[in-house]
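A.B. asks: Dropping in entry.cif, with mmCIF, C-alpha atoms.
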```cif
data_final
#
loop_
_atom_site.label_atom_id
_atom_site.label_comp_id
_atom_site.auth_asym_id
_atom_site.auth_seq_id
_atom_site.Cartn_x
_atom_site.Cartn_y
_atom_site.Cartn_z
CA MET A 1 1.71 79.50 21.21
CA VAL A 2 -1.36 79.78 19.00
CA GLN A 3 -4.30 81.74 20.36
CA ALA A 4 -7.77 80.24 19.97
CA ASN A 5 -10.45 82.33 18.29
CA ALA A 6 -14.24 82.25 18.35
CA GLN A 7 -14.39 79.40 15.79
CA THR A 8 -13.06 76.88 18.32
CA VAL A 9 -16.34 77.16 20.21
CA SER A 10 -17.99 75.00 17.54
CA LEU A 11 -15.71 72.06 18.43
CA PRO A 12 -14.92 70.90 21.98
CA ALA A 13 -11.30 71.03 23.11
CA ASP A 14 -11.25 67.23 23.45
CA SER A 15 -12.06 66.73 19.74
CA TYR A 16 -9.66 64.36 18.01
CA VAL A 17 -7.14 65.61 15.46
CA ALA A 18 -3.95 64.14 13.97
CA LEU A 19 -0.87 66.34 14.00
CA GLY A 20 2.02 65.60 11.68
CA LEU A 21 5.68 66.62 11.68
CA ALA A 22 6.53 67.39 8.06
CA THR A 23 9.86 68.01 6.40
CA CYS A 24 9.46 70.94 4.04
CA TYR A 25 11.76 73.35 2.25
CA ARG A 26 11.98 77.12 2.00
CA GLN A 27 13.79 79.01 -0.73
CA GLN A 28 16.06 81.84 0.34
CA ASP A 29 18.54 83.62 -1.89
CA GLY A 30 18.41 80.87 -4.50
CA GLU A 31 19.07 78.09 -1.99
CA THR A 32 16.65 75.65 -0.41
CA GLU A 33 16.65 75.29 3.35
CA GLU A 34 15.10 72.29 5.14
CA ILE A 35 12.56 73.14 7.85
CA GLN A 36 10.34 71.10 10.16
CA VAL A 37 6.66 72.04 10.24
CA PHE A 38 3.72 70.93 12.39
CA GLU A 39 0.65 70.38 10.23
CA PRO A 40 -2.81 69.03 10.95
CA VAL A 41 -3.56 65.85 9.00
CA PRO A 42 -7.12 65.43 7.64
CA SER A 43 -8.78 62.02 7.99
CA ALA A 44 -8.67 61.12 4.28
CA TYR A 45 -4.95 61.82 4.05
CA LEU A 46 -4.30 59.88 7.26
CA GLU A 47 -5.96 56.85 5.68
CA ALA A 48 -3.83 57.27 2.55
CA VAL A 49 -0.62 57.55 4.58
CA PHE A 50 -1.35 54.32 6.42
CA LYS A 51 -1.97 52.56 3.11
CA GLY A 52 1.64 53.28 2.16
CA VAL A 53 1.50 56.53 0.18
CA ALA A 54 4.82 58.37 0.27
CA THR A 55 4.59 61.44 2.48
CA SER A 56 6.71 64.28 3.82
CA TYR A 57 5.51 63.46 7.35
CA SER A 58 8.19 61.79 9.46
CA ALA A 59 5.77 61.21 12.35
CA ILE A 60 2.06 61.64 13.06
CA CYS A 61 0.48 61.84 16.50
CA GLY A 62 -3.15 61.46 17.55
CA THR A 63 -4.03 64.31 19.89
CA THR A 64 -6.85 66.59 20.96
CA LEU A 65 -7.77 69.94 19.50
CA GLY A 66 -6.93 71.70 22.77
CA GLN A 67 -3.45 70.18 22.98
CA ALA A 68 -2.75 70.94 19.32
CA LEU A 69 -3.90 74.56 19.67
CA ALA A 70 -1.53 74.93 22.63
CA LEU A 71 1.22 73.24 20.57
CA ASP A 72 1.60 70.62 23.26
CA VAL A 73 3.87 68.31 21.27
CA SER A 74 4.89 66.03 24.11
CA GLY A 75 3.62 63.08 22.06
CA PHE A 76 6.50 63.52 19.62
CA SER A 77 9.76 62.00 20.76
CA THR A 78 12.06 63.24 18.04
CA ASP A 79 14.80 65.88 18.25
CA LYS A 80 13.31 67.70 15.24
CA VAL A 81 10.45 68.93 17.43
CA ALA A 82 12.64 71.57 19.08
CA VAL A 83 13.13 73.43 15.79
CA ALA A 84 9.68 72.75 14.30
CA GLN A 85 7.22 75.55 13.71
CA PRO A 86 3.47 75.57 13.06
CA CYS A 87 2.39 75.73 9.42
CA LEU A 88 0.84 78.78 7.82
CA ASP A 89 -2.81 79.22 8.87
CA PHE A 90 -2.24 76.57 11.54
CA GLU A 91 -5.35 77.26 13.58
CA GLU A 92 -7.69 77.40 10.59
CA ARG A 93 -6.27 74.19 9.12
CA LEU A 94 -6.38 72.50 12.52
CA LEU A 95 -10.08 73.23 12.90
CA ALA A 96 -10.78 72.01 9.38
CA ALA A 97 -8.87 68.77 10.01
CA ALA A 98 -10.67 68.21 13.33
CA ARG A 99 -14.01 68.52 11.52
CA THR A 100 -12.98 65.74 9.12
CA TYR A 101 -12.65 63.34 12.07
CA GLN A 102 -16.14 64.34 13.23
CA THR A 103 -17.55 63.09 9.92
CA ARG A 104 -15.20 60.06 9.59
CA PRO A 105 -14.76 58.70 13.13
CA GLN A 106 -13.48 55.36 11.79
CA ALA A 107 -10.23 57.14 10.85
CA ILE A 108 -9.52 57.65 14.57
CA ASN A 109 -9.01 53.88 14.91
CA LEU A 110 -5.96 54.12 12.62
CA LEU A 111 -4.16 56.35 15.12
CA PRO A 112 -5.75 56.30 18.58
CA LEU A 113 -5.50 59.29 20.88
CA GLY A 114 -2.01 59.64 22.37
CA THR A 115 -0.42 57.34 19.78
CA LEU A 116 2.65 58.31 17.76
CA ARG A 117 3.42 56.59 14.46
CA ASP A 118 6.76 57.05 12.75
CA ASP A 119 6.73 53.80 10.75
CA ILE A 120 5.22 55.50 7.71
CA ASN A 121 6.51 55.82 4.14
CA PHE A 122 8.54 59.01 4.72
CA SER A 123 10.08 60.45 1.57
CA VAL A 124 11.48 63.81 0.53
CA GLU A 125 12.01 62.75 -3.07
CA LYS A 126 9.37 65.28 -4.11
CA LYS A 127 10.37 68.30 -2.09
CA ARG A 128 7.58 70.43 -0.63
CA VAL A 129 8.77 73.99 -1.21
CA LEU A 130 6.58 76.28 0.86
CA ASN A 131 7.44 79.63 -0.69
CA GLY A 132 8.24 78.52 -4.23
CA GLN A 133 7.35 80.83 -7.08
CA ARG A 134 6.34 79.60 -10.51
CA LYS A 135 7.55 81.61 -13.46
CA VAL A 136 5.33 81.29 -16.51
CA SER A 137 6.96 81.72 -19.91
CA LEU A 138 5.86 81.55 -23.52
CA ALA A 139 7.42 78.08 -23.74
CA ASP A 140 4.73 76.87 -21.30
CA ASN A 141 1.95 77.53 -23.80
CA VAL A 142 0.26 74.47 -25.25
CA LYS A 143 0.02 74.34 -29.01
CA GLN A 144 -3.52 73.86 -30.20
CA HIS A 145 -4.98 72.73 -33.48
CA LYS A 146 -5.96 75.69 -35.65
CA TYR A 147 -9.62 74.53 -35.62
CA THR A 148 -9.86 74.24 -31.84
CA HIS A 149 -12.01 77.33 -31.37
CA GLU A 150 -13.99 77.15 -34.60
CA VAL A 151 -17.32 75.49 -35.23
CA LEU A 152 -16.93 73.10 -38.15
#
```
I need this file expressed as structure tokens, please.

C.D. replies:
Amino acid sequence: MVQANAQTVSLPADSYVALGLATCYRQQDGETEEIQVFEPVPSAYLEAVFKGVATSYSAICGTTLGQALALDVSGFSTDKVAVAQPCLDFEERLLAAARTYQTRPQAINLLPLGTLRDDINFSVEKKRVLNGQRKVSLADNVKQHKYTHEVL
């Protein structure tokens, strides 16, 4: 259960927010492991998802800030919910996402409160690796023209 902090006072508990169930991956000992993660969905991304953009979300539910903070996921009807965990910085991201619906209330009409949508363009073709590390090498350097940094 996520504890609310003093920042939640700025938004009422009945503020709208969309909560998504994402399929992500974690690297451990050179292998990738699939995990289920609850993530808040900002209004702009919600609009993009419902226009058909491929997403790692298998389901998105319209809920209230209070229910999401308590991780009340009764709106989700999938078996993946039992093993799902909140994303990193869940509370902070949840508050930020809830604020986006305050400024774009028309996005709430796409997914009314208490509604679950799982008919979205779910795809894991581009895997979201949560703890991936990038290794930079000399081969990554971009070759530049010899006059790039000179005034001609």

A.B. asks: Taking all atoms listed in the file into account, name the residue in A:Ala107, A:Cys87, A:Ile120, A:Val151 that is nearest to Ser58 (chain A).

C.D. replies: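 Going through A:Ala107, A:Cys87, A:Ile120, A:Val151 one by one, the smallest distance to Ser58 (chain A) is for A:Ile120.
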
A.B. asks: Which neighbours of Arg26 (chain A) fall inside 6 Å, counting only C-alpha atoms, when residues of the same chain fewer than 3 positions from it are skipped, and could you give them as an NGL selection string?

C.D. replies: :A and (32-33 or 129-131)

A.B. asks: In Å to one decimal, how far is CA of Leu116 (chain A) from CA of Leu46 (chain A)?

C.D. replies: 12.7 Å

A.B. asks: Identify which of the residues A:Lys80, A:Lys135, A:Lys126, A:Arg93 lies closest to Ala59 (chain A), counting only C-alpha atoms when measuring atom-to-atom distances.

C.D. replies: A:Lys80

A.B. asks: From the options A:Asn121, A:Phe38, A:Asp89, A:Thr23, which residue's atoms come nearest to Lys51 (chain A), counting only C-alpha atoms?

C.D. replies: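 The shortest atom-to-atom distance to Lys51 (chain A) comes from A:Asn121.
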
A.B. asks: Please compute the CA of Tyr57 (chain A)-CA of Ser74 (chain A) distance, one decimal, in Å.

C.D. replies: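 Value for the CA of Tyr57 (chain A)-CA of Ser74 (chain A) distance: 17.0 Å.
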
A.B. asks: Between CA of Phe90 (chain A) and CA of Gln36 (chain A), measure the distance and give it in Å to one decimal.

C.D. replies: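 Here the two named atoms are 13.8 Å from each other.
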
A.B. asks: A:Glu92, A:Asp14, A:Asp79, A:Asp119: which is nearest Thr64 (chain A), counting all atoms listed in the file?

C.D. replies: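 Comparing A:Glu92, A:Asp14, A:Asp79, A:Asp119 against Thr64 (chain A), the winner is A:Asp14.
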
A.B. asks: Have a look at A:Ser77, A:Gln27, A:Thr55, A:Ser10 and name the one nearest to Ala96 (chain A); count all atoms listed in the file.

C.D. replies: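 Nearest candidate to Ala96 (chain A) out of A:Ser77, A:Gln27, A:Thr55, A:Ser10: A:Ser10.
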